[in-house]
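Asks: Got a structure for you, questions after.
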Amino acid sequence: QQSVQVAREVTTKLLQYVEEAPRRLSYMCFLGGLVIAANGALNLLNIVEVFDSPVYYVVHCYMVFFGLVTCITEMHVSDVPQMDSSLQAVQSKMHKWAKGLTTLWGRGLFHIFQGSLAMVSSGHLGIGVGIGAYMMVMGLLYIYLHIKAPSTIVLQEEYIRIEN
């Protein structure tokens with residue numbers, strides 16, 4: 001009973017935190033992308049894994065790639081003005097190639113997939129389980145924002161009326 005109440009309070013506070021400034025979610029996902037890429041890169045150093053379990057080695061390659069994609073997607077031009085033109089060029093190519101990353105639900109599903117990949121490729125209680133759970137929560141937050149957004153848009157449309 002008490003633990004359910006605590007979980008409900010923590011969830012409510014987290015949702016309020018993200019709703020106040022959705023850009024915070026981008027920062028949290030950027031951080032998660034860095035950690036996913038670093039974890040994947042560290043696992044790639046284990047060359048023995050190529051012969052022992054090549055599938056996991058390939059999954060770690062994907063983790064590095066997806067972590068970098070997350071970092072590039074979540075980075076805002078205003079945060080790194082010295083990379084303005086090059087970052088915009090890379091982001092526009094990436095968004096043309098992966099249109100799903102331009103929507104809230106698409107990013108949410110991507111982060112859930114990325115988190116599940118990290119969890120599956122990790123040991124029983126490895127660091128990948130924690131990283132994966134974190135990224136899955138970030139994905140769920142993006143999906144929550146997507147679901148919440150239409151009601152906000154409707155309210156704005158009702159408030160602003162254009163008459164001829």
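Letters for chains follow the order of the structure tokens (A, B, ...), residue numbers begin at 1 for each chain, and ligand numbers begin at 1 in the order shown.
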Quick one: everything within 8 Å of segment 66-80 of chain A, counting only C-alpha atoms, minus sequence neighbours fewer than 4 positions away in the same chain. Send it as a ChimeraX atom specification.
Replies: /A:26-27,29-37,62,84,87-88,90-91,94,101,114
Asks: Could those selected residues go to a file with C-alpha atoms, as a PDB file, in the first residue's frame?
Replies:
```pdb
ATOM      1  CA  SER A  26      15.988  15.745 -24.465  1.00  0.00           C
ATOM      2  CA  TYR A  27      18.851  16.387 -22.072  1.00  0.00           C
ATOM      3  CA  CYS A  29      17.926  11.194 -23.349  1.00  0.00           C
ATOM      4  CA  PHE A  30      21.172  12.769 -24.589  1.00  0.00           C
ATOM      5  CA  LEU A  31      22.828  11.635 -21.373  1.00  0.00           C
ATOM      6  CA  GLY A  32      21.331   8.169 -21.807  1.00  0.00           C
ATOM      7  CA  GLY A  33      22.615   8.042 -25.395  1.00  0.00           C
ATOM      8  CA  LEU A  34      26.131   8.882 -24.208  1.00  0.00           C
ATOM      9  CA  VAL A  35      26.026   6.138 -21.594  1.00  0.00           C
ATOM     10  CA  ILE A  36      24.589   3.599 -24.073  1.00  0.00           C
ATOM     11  CA  ALA A  37      27.342   4.415 -26.600  1.00  0.00           C
ATOM     12  CA  TYR A  62      24.336  -1.417 -32.733  1.00  0.00           C
ATOM     13  CA  ASP A  84      25.377  25.139 -35.748  1.00  0.00           C
ATOM     14  CA  LEU A  87      24.828  19.762 -36.577  1.00  0.00           C
ATOM     15  CA  GLN A  88      21.823  20.977 -38.556  1.00  0.00           C
ATOM     16  CA  VAL A  90      23.627  15.932 -39.885  1.00  0.00           C
ATOM     17  CA  GLN A  91      20.269  16.179 -38.114  1.00  0.00           C
ATOM     18  CA  MET A  94      19.193  11.761 -40.116  1.00  0.00           C
ATOM     19  CA  LEU A 101      12.734  10.312 -34.887  1.00  0.00           C
ATOM     20  CA  GLN A 114      17.255   0.891 -27.480  1.00  0.00           C
TER      21      GLN A 114
END
```
Asks: Near Val58 of chain A, counting only C-alpha atoms, which residues have an atom at most 9 Å away, once you skip same-chain residues fewer than 5 positions from it, shown as a list in words?
Replies: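 With the cut-off at 9 Å, the set is Leu44, Val50 and Met63 of chain A.
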Asks: Which of these residues is nearest to Asn43 of chain A, using only C-alpha atoms: A:Ser92, A:Gln16, A:Ser121, A:Gln2?
Replies: A:Ser121
Asks: One number please: atom CA of Gly139 of chain A to atom CA of Leu109 of chain A, in Å, one decimal.
Replies: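 Answer for the atom CA of Gly139 of chain A to atom CA of Leu109 of chain A separation: 6.0 Å.
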Asks: For Met135 of chain A, which residue among A:Thr103, A:Leu42, A:Leu25, A:Val55 is the nearest when counting only C-alpha atoms?
Replies: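 Counting only C-alpha atoms, the residue closest to Met135 of chain A is A:Leu25.
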